[in-house]
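Okay, query13.txt is below, compact mmCIF, C-alpha atoms and all ligand atoms:
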```txt
# COMPACT_ATOMS: atom_id res chain seq x y z
CA MET O 1 88.89 94.10 77.35
CA SER O 2 87.65 97.33 75.82
CA MET O 3 84.13 96.43 76.94
CA ALA O 4 85.31 96.05 80.52
CA ILE O 5 86.88 99.49 80.39
CA VAL O 6 83.71 101.09 79.06
CA ARG O 7 81.62 99.44 81.75
CA THR O 8 84.05 100.50 84.41
CA LEU O 9 84.19 104.11 83.31
CA GLU O 10 80.43 104.38 83.52
CA ASN O 11 80.65 103.52 87.16
CA VAL O 12 83.51 105.77 88.14
CA GLY O 13 81.12 108.17 89.80
CA VAL O 14 79.72 105.49 92.04
CA CYS O 15 83.03 104.09 93.09
CA SER O 16 85.45 106.95 92.82
CA LEU O 17 86.52 106.67 96.44
CA LEU O 18 87.88 103.20 95.98
CA LEU O 19 91.49 102.50 95.12
CA LEU O 20 92.32 102.09 91.48
CA SER O 21 93.52 98.55 91.98
CA SER O 22 90.27 97.33 93.47
CA TRP O 23 87.56 99.45 91.91
CA PHE O 24 87.16 97.46 88.75
CA LEU O 25 86.07 94.33 90.58
CA VAL O 26 83.87 96.15 93.04
CA CYS O 27 82.15 98.25 90.39
CA VAL O 28 81.10 95.31 88.31
CA VAL O 29 79.42 93.87 91.37
CA CYS O 30 77.80 97.00 92.77
CA VAL O 31 75.81 98.22 89.76
CA GLY O 32 74.99 96.23 86.65
CA GLY O 33 76.76 97.68 83.61
CA ARG O 34 75.70 97.87 80.01
CA PRO O 35 76.48 94.56 78.43
CA ALA O 36 76.96 94.32 74.73
CA THR O 37 77.25 90.58 74.32
CA PHE O 38 74.98 87.71 75.11
CA VAL O 39 77.50 85.49 76.92
CA GLN O 40 78.55 88.22 79.33
CA ASP O 41 75.22 88.24 81.11
CA PHE O 42 73.16 85.32 79.83
CA GLN O 43 73.11 81.58 79.55
CA ILE O 44 71.00 79.20 77.51
CA THR O 45 68.20 77.46 79.39
CA TRP O 46 66.57 75.59 76.59
CA SER O 47 68.02 73.99 73.49
CA GLU O 48 71.58 75.01 72.68
CA SER O 49 70.92 73.89 69.10
CA HIS O 50 68.11 76.43 68.72
CA ILE O 51 70.04 79.56 69.68
CA ARG O 52 72.55 81.10 67.31
CA GLN O 53 74.94 83.91 68.08
CA ILE O 54 75.35 86.58 65.43
CA ASP O 55 77.81 89.49 65.18
CA GLN O 56 80.19 88.00 67.76
CA GLY O 57 77.40 87.49 70.26
CA ARG O 58 76.02 91.02 70.13
CA GLU O 59 72.89 89.63 68.57
CA ILE O 60 71.19 86.27 68.89
CA GLN O 61 68.62 84.33 66.97
CA LEU O 62 66.08 82.12 68.75
CA ILE O 63 64.71 79.26 66.70
CA LEU O 64 61.41 77.39 66.95
CA ASP O 65 60.76 74.28 64.89
CA GLN O 66 58.86 71.06 65.36
CA ASN O 67 61.64 69.64 67.54
CA SER O 68 62.03 72.46 70.01
CA GLY O 69 61.71 76.07 71.03
CA SER O 70 64.47 77.88 72.87
CA GLY O 71 65.21 80.18 75.77
CA PHE O 72 67.80 81.99 77.85
CA VAL O 73 68.20 83.55 81.29
CA SER O 74 70.51 86.10 82.89
CA LYS O 75 73.35 84.61 84.91
CA SER O 76 72.45 86.86 87.85
CA LYS O 77 69.21 87.85 89.47
CA TYR O 78 68.51 91.51 90.13
CA ILE O 79 66.41 93.40 92.62
CA PHE O 80 65.09 96.69 91.21
CA GLY O 81 66.55 98.28 88.11
CA ARG O 82 65.80 98.54 84.43
CA VAL O 83 66.17 95.88 81.78
CA SER O 84 65.75 96.34 78.08
CA MET O 85 66.38 94.52 74.84
CA LYS O 86 65.80 95.13 71.20
CA ILE O 87 63.67 92.39 69.70
CA LYS O 88 62.59 91.62 66.14
CA LEU O 89 59.71 89.17 66.08
CA ILE O 90 58.89 86.33 63.69
CA PRO O 91 57.70 87.76 60.38
CA GLY O 92 54.89 86.46 58.17
CA ASP O 93 52.74 83.66 59.51
CA SER O 94 53.59 83.46 63.22
CA ALA O 95 50.19 82.25 64.43
CA GLY O 96 50.43 79.96 67.47
CA THR O 97 53.90 81.13 68.49
CA VAL O 98 54.74 83.09 71.62
CA THR O 99 57.92 85.11 72.13
CA ALA O 100 58.39 86.21 75.73
CA PHE O 101 60.66 88.62 77.56
CA TYR O 102 60.17 88.63 81.32
CA MET O 103 61.57 88.80 84.81
CA ASN O 104 60.89 85.98 87.25
CA SER O 105 61.86 85.28 90.85
CA ASP O 106 61.91 81.55 90.17
CA THR O 107 60.14 80.89 93.46
CA ASP O 108 57.03 79.00 92.45
CA ALA O 109 55.05 79.30 95.66
CA ILE O 110 55.44 83.06 96.03
CA ARG O 111 56.25 83.99 92.48
CA ASP O 112 57.05 87.54 91.42
CA GLU O 113 57.03 87.98 87.66
CA LEU O 114 56.86 90.81 85.14
CA ASP O 115 55.89 89.61 81.66
CA PHE O 116 55.98 90.76 78.10
CA GLU O 117 54.47 88.12 75.80
CA PHE O 118 54.18 88.57 72.04
CA LEU O 119 51.43 86.44 70.55
CA GLY O 120 51.94 85.69 66.85
CA ASN O 121 49.31 85.92 64.16
CA ARG O 122 48.50 84.98 60.58
CA SER O 123 50.30 86.97 57.87
CA GLY O 124 49.02 90.51 57.77
CA GLN O 125 47.18 90.22 61.09
CA PRO O 126 48.53 92.16 64.05
CA TYR O 127 50.61 90.72 66.86
CA THR O 128 49.16 91.04 70.35
CA VAL O 129 51.36 92.13 73.26
CA GLN O 130 50.26 90.72 76.58
CA THR O 131 51.67 91.98 79.86
CA ASN O 132 51.14 90.44 83.26
CA ILE O 133 52.32 91.05 86.80
CA TYR O 134 52.70 88.49 89.56
CA ALA O 135 53.32 89.80 93.04
CA ASN O 136 53.69 87.56 96.08
CA GLY O 137 52.45 84.56 94.12
CA LYS O 138 49.38 86.12 92.55
CA GLY O 139 49.08 86.91 88.84
CA ASP O 140 45.83 87.18 86.85
CA ARG O 141 46.65 90.77 85.88
CA GLU O 142 46.69 90.41 82.09
CA GLN O 143 46.46 93.32 79.73
CA ARG O 144 46.57 92.98 75.96
CA MET O 145 47.26 95.49 73.28
CA ASN O 146 48.16 95.78 69.65
CA LEU O 147 51.08 97.82 68.39
CA TRP O 148 51.28 100.91 66.17
CA PHE O 149 53.98 99.30 63.99
CA ASP O 150 54.90 95.89 62.61
CA PRO O 151 57.19 94.40 65.29
CA SER O 152 58.62 91.87 62.82
CA ALA O 153 59.80 94.46 60.28
CA ASP O 154 62.52 95.88 62.49
CA PHE O 155 64.02 95.87 65.99
CA HIS O 156 62.14 97.74 68.70
CA THR O 157 63.12 98.31 72.31
CA TYR O 158 61.14 96.62 75.07
CA THR O 159 61.88 97.78 78.60
CA ILE O 160 60.84 96.95 82.15
CA LEU O 161 61.55 99.60 84.79
CA TRP O 162 61.14 98.37 88.35
CA ASN O 163 61.79 100.63 91.31
CA HIS O 164 60.26 101.27 94.73
CA ARG O 165 57.61 103.58 93.29
CA HIS O 166 56.29 101.70 90.28
CA ILE O 167 56.78 99.19 87.51
CA VAL O 168 56.59 100.56 83.97
CA PHE O 169 56.53 98.55 80.75
CA TYR O 170 57.79 100.48 77.75
CA VAL O 171 57.62 99.83 74.01
CA ASP O 172 60.30 102.09 72.56
CA ASP O 173 59.73 105.38 74.41
CA PHE O 174 56.05 104.72 75.02
CA PRO O 175 54.90 103.55 78.45
CA ILE O 176 52.24 100.92 77.85
CA ARG O 177 51.59 99.92 81.44
CA VAL O 178 52.17 101.33 84.90
CA TYR O 179 51.72 99.37 88.13
CA LYS O 180 52.16 101.49 91.21
CA ASN O 181 53.51 100.42 94.55
CA ASN O 182 50.50 100.52 96.83
CA GLU O 183 51.80 98.14 99.46
CA GLY O 184 50.62 100.67 102.05
CA LYS O 185 47.06 99.93 100.90
CA GLY O 186 47.57 96.20 101.11
CA ILE O 187 48.14 95.67 97.40
CA PRO O 188 50.96 93.22 96.67
CA TYR O 189 54.10 94.66 95.08
CA PRO O 190 57.39 92.88 94.42
CA THR O 191 59.99 94.26 96.83
CA MET O 192 61.55 91.26 98.53
CA GLN O 193 62.79 88.93 95.82
CA ALA O 194 65.38 89.33 93.11
CA MET O 195 64.34 88.31 89.62
CA GLY O 196 66.19 86.79 86.67
CA VAL O 197 65.77 88.14 83.13
CA TYR O 198 64.35 85.54 80.79
CA SER O 199 63.35 85.06 77.21
CA THR O 200 61.76 82.16 75.42
CA LEU O 201 60.27 81.30 72.05
CA TRP O 202 57.78 78.47 72.08
CA GLU O 203 54.66 76.94 70.59
CA ALA O 204 51.42 77.81 72.35
CA ASP O 205 48.82 77.23 69.70
CA ASN O 206 46.38 75.86 72.27
CA TRP O 207 45.77 79.45 73.47
CA ALA O 208 47.86 82.15 71.85
CA THR O 209 46.18 83.20 68.64
CA ARG O 210 42.47 83.96 68.59
CA GLY O 211 42.21 81.97 71.79
CA GLY O 212 43.74 78.84 70.24
CA LEU O 213 41.68 78.73 67.05
CA GLU O 214 44.68 79.45 64.85
CA LYS O 215 47.24 76.62 64.80
CA ILE O 216 50.93 76.78 63.93
CA ASP O 217 51.61 76.18 60.26
CA TRP O 218 54.71 74.00 60.58
CA SER O 219 55.29 74.17 56.83
CA LYS O 220 56.49 77.74 57.54
CA ALA O 221 59.03 76.54 60.16
CA PRO O 222 61.70 77.20 61.31
CA PHE O 223 60.56 80.43 62.96
CA TYR O 224 63.14 83.03 63.99
CA ALA O 225 63.13 85.85 66.54
CA TYR O 226 66.14 88.18 66.97
CA TYR O 227 67.54 89.96 70.04
CA LYS O 228 70.26 92.54 70.55
CA ASP O 229 71.39 95.46 72.74
CA PHE O 230 70.98 93.57 75.99
CA ASP O 231 70.96 96.10 78.78
CA ILE O 232 70.48 95.13 82.41
CA GLU O 233 71.04 97.75 85.06
CA GLY O 234 70.11 96.77 88.56
CA CYS O 235 71.29 95.40 91.86
CA PRO O 236 72.67 91.91 91.27
CA VAL O 237 71.97 89.29 93.91
CA PRO O 238 74.19 88.12 95.48
CA GLY O 239 75.73 91.56 95.76
CA PRO O 240 76.10 94.34 98.30
CA ALA O 241 73.29 93.96 100.80
CA ASN O 242 72.30 97.63 100.83
CA CYS O 243 72.16 98.03 97.05
CA ALA O 244 68.39 97.55 96.74
CA SER O 245 67.59 100.13 99.38
CA LYS O 246 69.88 102.86 98.03
CA GLN O 247 68.06 105.97 96.94
CA SER O 248 71.17 106.89 94.93
CA ASN O 249 70.59 104.18 92.33
CA TRP O 250 69.68 106.10 89.18
CA TRP O 251 66.50 104.09 88.55
CA GLU O 252 65.15 105.39 91.89
CA GLY O 253 65.87 109.01 90.93
CA ALA O 254 63.31 111.78 90.57
CA ALA O 255 63.05 111.28 86.80
CA TYR O 256 61.95 107.67 87.36
CA GLN O 257 59.44 108.25 90.15
CA ALA O 258 56.65 109.24 87.79
CA LEU O 259 56.02 109.53 84.06
CA ASN O 260 57.16 112.87 82.68
CA ALA O 261 54.71 115.02 80.68
CA ILE O 262 55.63 113.50 77.31
CA GLU O 263 55.43 109.97 78.66
CA ALA O 264 52.10 110.69 80.31
CA ARG O 265 50.70 111.94 77.02
CA ARG O 266 52.00 108.88 75.16
CA TYR O 267 50.64 106.56 77.82
CA LYS O 268 47.20 108.11 77.49
CA TRP O 269 47.35 107.76 73.71
CA VAL O 270 48.31 104.07 74.02
CA ARG O 271 45.52 103.44 76.52
CA LEU O 272 42.95 105.12 74.29
CA ASN O 273 43.97 103.57 71.00
CA HIS O 274 45.72 100.27 71.54
CA ILE O 275 44.32 98.39 74.52
CA ILE O 276 42.28 95.37 73.53
CA TYR O 277 41.90 93.67 76.89
CA ASP O 278 42.30 94.83 80.47
CA TYR O 279 41.62 92.51 83.40
CA CYS O 280 40.50 95.56 85.36
CA GLN O 281 37.47 95.87 83.05
CA ASP O 282 36.66 92.16 82.92
CA LYS O 283 33.51 91.96 85.01
CA SER O 284 32.75 88.39 83.93
CA ARG O 285 36.06 87.24 85.35
CA PHE O 286 36.20 89.32 88.52
CA ARG O 287 32.93 89.88 90.32
CA VAL O 288 34.81 92.10 92.69
CA THR O 289 37.11 94.55 90.91
CA PRO O 290 40.73 93.88 91.92
CA PRO O 291 41.79 96.61 94.40
CA GLU O 292 44.66 97.96 92.28
CA CYS O 293 42.17 98.75 89.50
CA HIS O 294 40.31 101.43 91.45
CA ALA O 295 40.67 105.00 90.30
CA GLY O 296 43.18 106.94 92.31
CA ILE O 297 45.32 103.88 92.99
C1 LIG I 301 45.07 88.16 65.27
O1 LIG I 301 44.28 88.78 64.32
C2 LIG I 301 42.89 88.77 64.62
C3 LIG I 301 42.16 89.40 63.44
O2 LIG I 301 42.65 90.70 63.18
C4 LIG I 301 42.66 89.51 65.92
O3 LIG I 301 41.29 89.40 66.27
C5 LIG I 301 43.52 88.94 67.04
O4 LIG I 301 43.39 89.72 68.20
C6 LIG I 301 44.97 88.93 66.59
N1 LIG I 301 45.90 88.44 67.61
C7 LIG I 301 45.85 87.28 68.25
C8 LIG I 301 46.99 86.99 69.13
O5 LIG I 301 44.96 86.47 68.14
```
Please, can you express the file's structure as structure tokens?
Ligand SMILES: *[C@@H]1O[C@H](CO)[C@@H](O)[C@H](O)[C@H]1NC(C)=O
Amino acid sequence: MSMAIVRTLENVGVCSLLLLSSWFLVCVVCVGGRPATFVQDFQITWSESHIRQIDQGREIQLILDQNSGSGFVSKSKYIFGRVSMKIKLIPGDSAGTVTAFYMNSDTDAIRDELDFEFLGNRSGQPYTVQTNIYANGKGDREQRMNLWFDPSADFHTYTILWNHRHIVFYVDDFPIRVYKNNEGKGIPYPTMQAMGVYSTLWEADNWATRGGLEKIDWSKAPFYAYYKDFDIEGCPVPGPANCASKQSNWWEGAAYQALNAIEARRYKWVRLNHIIYDYCQDKSRFRVTPPECHAGI
């Protein structure tokens, strides 16, 4: 019950006009709160036996072995907002494994999807973080980077901010990717469909590590990835119809319309030092540069 009170208090500002007796229910629906436990906001999608709750559900462990990987999804879908989790990736020899954290509209034909994928590696070799963006059914927007720390040594925060202006992927407080809304210039941008929040841990040794050359060493199994501090703030769907269009949602506020000076500097540093692949530069793959890649966009 104490959790419910904390969540409610955070939303008092939004709902202060409502009667005391009804505001609790309404508040939970109108703006996503700050969940602390897994079961509050998530359900298992893949292999109950390969997900373990720790610390009364505040943390979970995903397991990959030769029998199965595992995965979970948010109970609700959200349109616009910010989602973040702390993740600690598989240590040691994780080659051939992929840990993913993403949002997905679950509409195959016209898929919208925002992806973080962590591609494992041999002991001592760096993980690769791949991001991708699908808008109105089209993806093929991969970027890959390495990290400035060992993501298996400790928890780090991975965040997706999605508002009407842009989508920003963050690693801790560092923006690693920005995709602007240029719908006005005919560039697809997800604005119509709500997305669920997903995570999975699976075997992908046909492509993940050094393009599939490095296979999973099953003698090192089971492999474990850890998650905690689940935080989804957005407009749940179904929910109030006008939620997504409200300029008063905090994630649409001035501070979230553009990177601030510190973020801009960090973003530049990441782009200069950590990018290893950018579809925008891949001339062999795209004879015509994708429109969103042009300078000034
Ligand atoms: C794994 O390590 C090798 C050697 O450092 C590197 O070329 C590669 O990009 C790393 N990551 C993946 C996912 O293959």
Exercise. Write out as a ChimeraX atom specification each polymer residue (protein, DNA or RNA) that has an atom no more than 12 Å from ligand LIG 301 (chain I), with all atoms listed in the file counted.
Key: /O:93-99,117-130,144-147,204-215,274-277
Quiz item: What does the distance between CA of Gln56 (chain O) and CA of Ser84 (chain O) come to in Å, to one decimal place?
Solution: 19.6 Å
Quiz item: Looking at all atoms listed in the file, which of O:Ala264, O:Ala241, O:Ala258, O:Ile176 is the one that sits closest to Asp278 (chain O)?
Solution: O:Ile176
Quiz item: With all atoms listed in the file as the atoms that count, which of O:Gln257, O:Ile232, O:Ile90, O:Ser49 lies nearest to Asp150 (chain O)?
Solution: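 Residue with the minimum atom-to-atom distance to Asp150 (chain O): O:Ile90.
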Exercise. List the residues sitting within 12 Å of (63.3, 68.6, 64.5) in the file's frame, using only C-alpha atoms, as a ChimeraX atom specification.
Key: /O:47,49-50,63-69,218,221-222
Based on the selection just made, write C-alpha atoms of those residues as a short mmCIF file (atom, residue, chain, number, x, y, z; two decimals), in the frame of the given file.
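Generated output (out_21.cif):
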```cif
data_model
loop_
_atom_site.label_atom_id
_atom_site.label_comp_id
_atom_site.auth_asym_id
_atom_site.auth_seq_id
_atom_site.Cartn_x
_atom_site.Cartn_y
_atom_site.Cartn_z
CA SER O 47 68.02 73.99 73.49
CA SER O 49 70.92 73.89 69.10
CA HIS O 50 68.11 76.43 68.72
CA ILE O 63 64.71 79.26 66.70
CA LEU O 64 61.41 77.39 66.95
CA ASP O 65 60.76 74.28 64.89
CA GLN O 66 58.86 71.06 65.36
CA ASN O 67 61.64 69.64 67.54
CA SER O 68 62.03 72.46 70.01
CA GLY O 69 61.71 76.07 71.03
CA TRP O 218 54.71 74.00 60.58
CA ALA O 221 59.03 76.54 60.16
CA PRO O 222 61.70 77.20 61.31
#
```
Quiz item: When you draw a straight line from CA of Gly234 (chain O) to CA of Lys268 (chain O), how long is it in Å?
Solution: 27.9 Å
Exercise. Write out as a list in words the residues lying within 10 Å of Asp173 (chain O), counting all atoms listed in the file and excluding same-chain residues fewer than 2 positions away.
Key: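 Residues near the query, excluding close chain neighbours: His156, Thr157, Tyr158, Thr159, Phe169, Tyr170, Val171, Pro175, Ile176, Ile262, Glu263, Arg266 and Tyr267 of chain O.
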Exercise. Please identify all polymer residues within 8 Å of Val168 (chain O), counting all atoms listed in the file, omitting same-chain residues fewer than 3 positions from it, and present them as a PyMOL selection string.
Key: chain O and resi 160-162+175-179
Quiz item: Can you list, as number ranges by chain, every protein, DNA or RNA residue that comes within 7 Å of Pro236 (chain O) when you count all atoms listed in the file, leaving out same-chain residues fewer than 4 positions away?
Solution: O: 32, 76-79
Quiz item: What is the distance, in Å and to one decimal place, between CA of Gly139 (chain O) and CA of Ile167 (chain O)?
Solution: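 Separation of CA of Gly139 (chain O) and CA of Ile167 (chain O): 14.6 Å.
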Exercise. Within 6 Å of Lys88 (chain O), counting all atoms listed in the file, which residues show up once you throw out same-chain ones fewer than 4 positions away? Write them as a ChimeraX atom specification, please.
Key: /O:152,154-155,225-226
Pull C-alpha atoms from the residues just selected and write them as a PDB file, keeping the file's coordinate frame.
```pdb
ATOM      1  CA  SER O 152      58.620  91.870  62.820  1.00  0.00           C
ATOM      2  CA  ASP O 154      62.520  95.880  62.490  1.00  0.00           C
ATOM      3  CA  PHE O 155      64.020  95.870  65.990  1.00  0.00           C
ATOM      4  CA  ALA O 225      63.130  85.850  66.540  1.00  0.00           C
ATOM      5  CA  TYR O 226      66.140  88.180  66.970  1.00  0.00           C
TER       6      TYR O 226
END
```
Practice problem: Mind checking which residues fall within 7 Å of Ser74 (chain O), counting all atoms listed in the file, ignoring those fewer than 3 positions away in the same chain, and posting them as a PyMOL selection string? | Solution: chain O and resi 41-43+77+196-198
Quiz item: Of the candidates O:Ser219, O:Asn163, O:Gln193, O:Gln53, which one gets nearest to Asn181 (chain O) if we count only C-alpha atoms?
Solution: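 Smallest separation from Asn181 (chain O) among the options: O:Asn163.
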Quiz item: Pick the closest to Ile216 (chain O) from O:Glu203, O:Asp106, O:Phe101, O:Gly186: which is it, counting only C-alpha atoms?
Solution: O:Glu203
Quiz item: From the list O:Pro238, O:Gly184, O:Pro151, O:Pro190, which residue is nearest Asp172 (chain O) when using all atoms listed in the file?
Solution: O:Pro151
Self-check item: Using all atoms listed in the file: which of O:Asp55, O:Asn182, O:Gly92, O:Ser199 has the shortest distance to Phe72 (chain O)
Solution: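 For Phe72 (chain O), the nearest of the candidates is O:Ser199.
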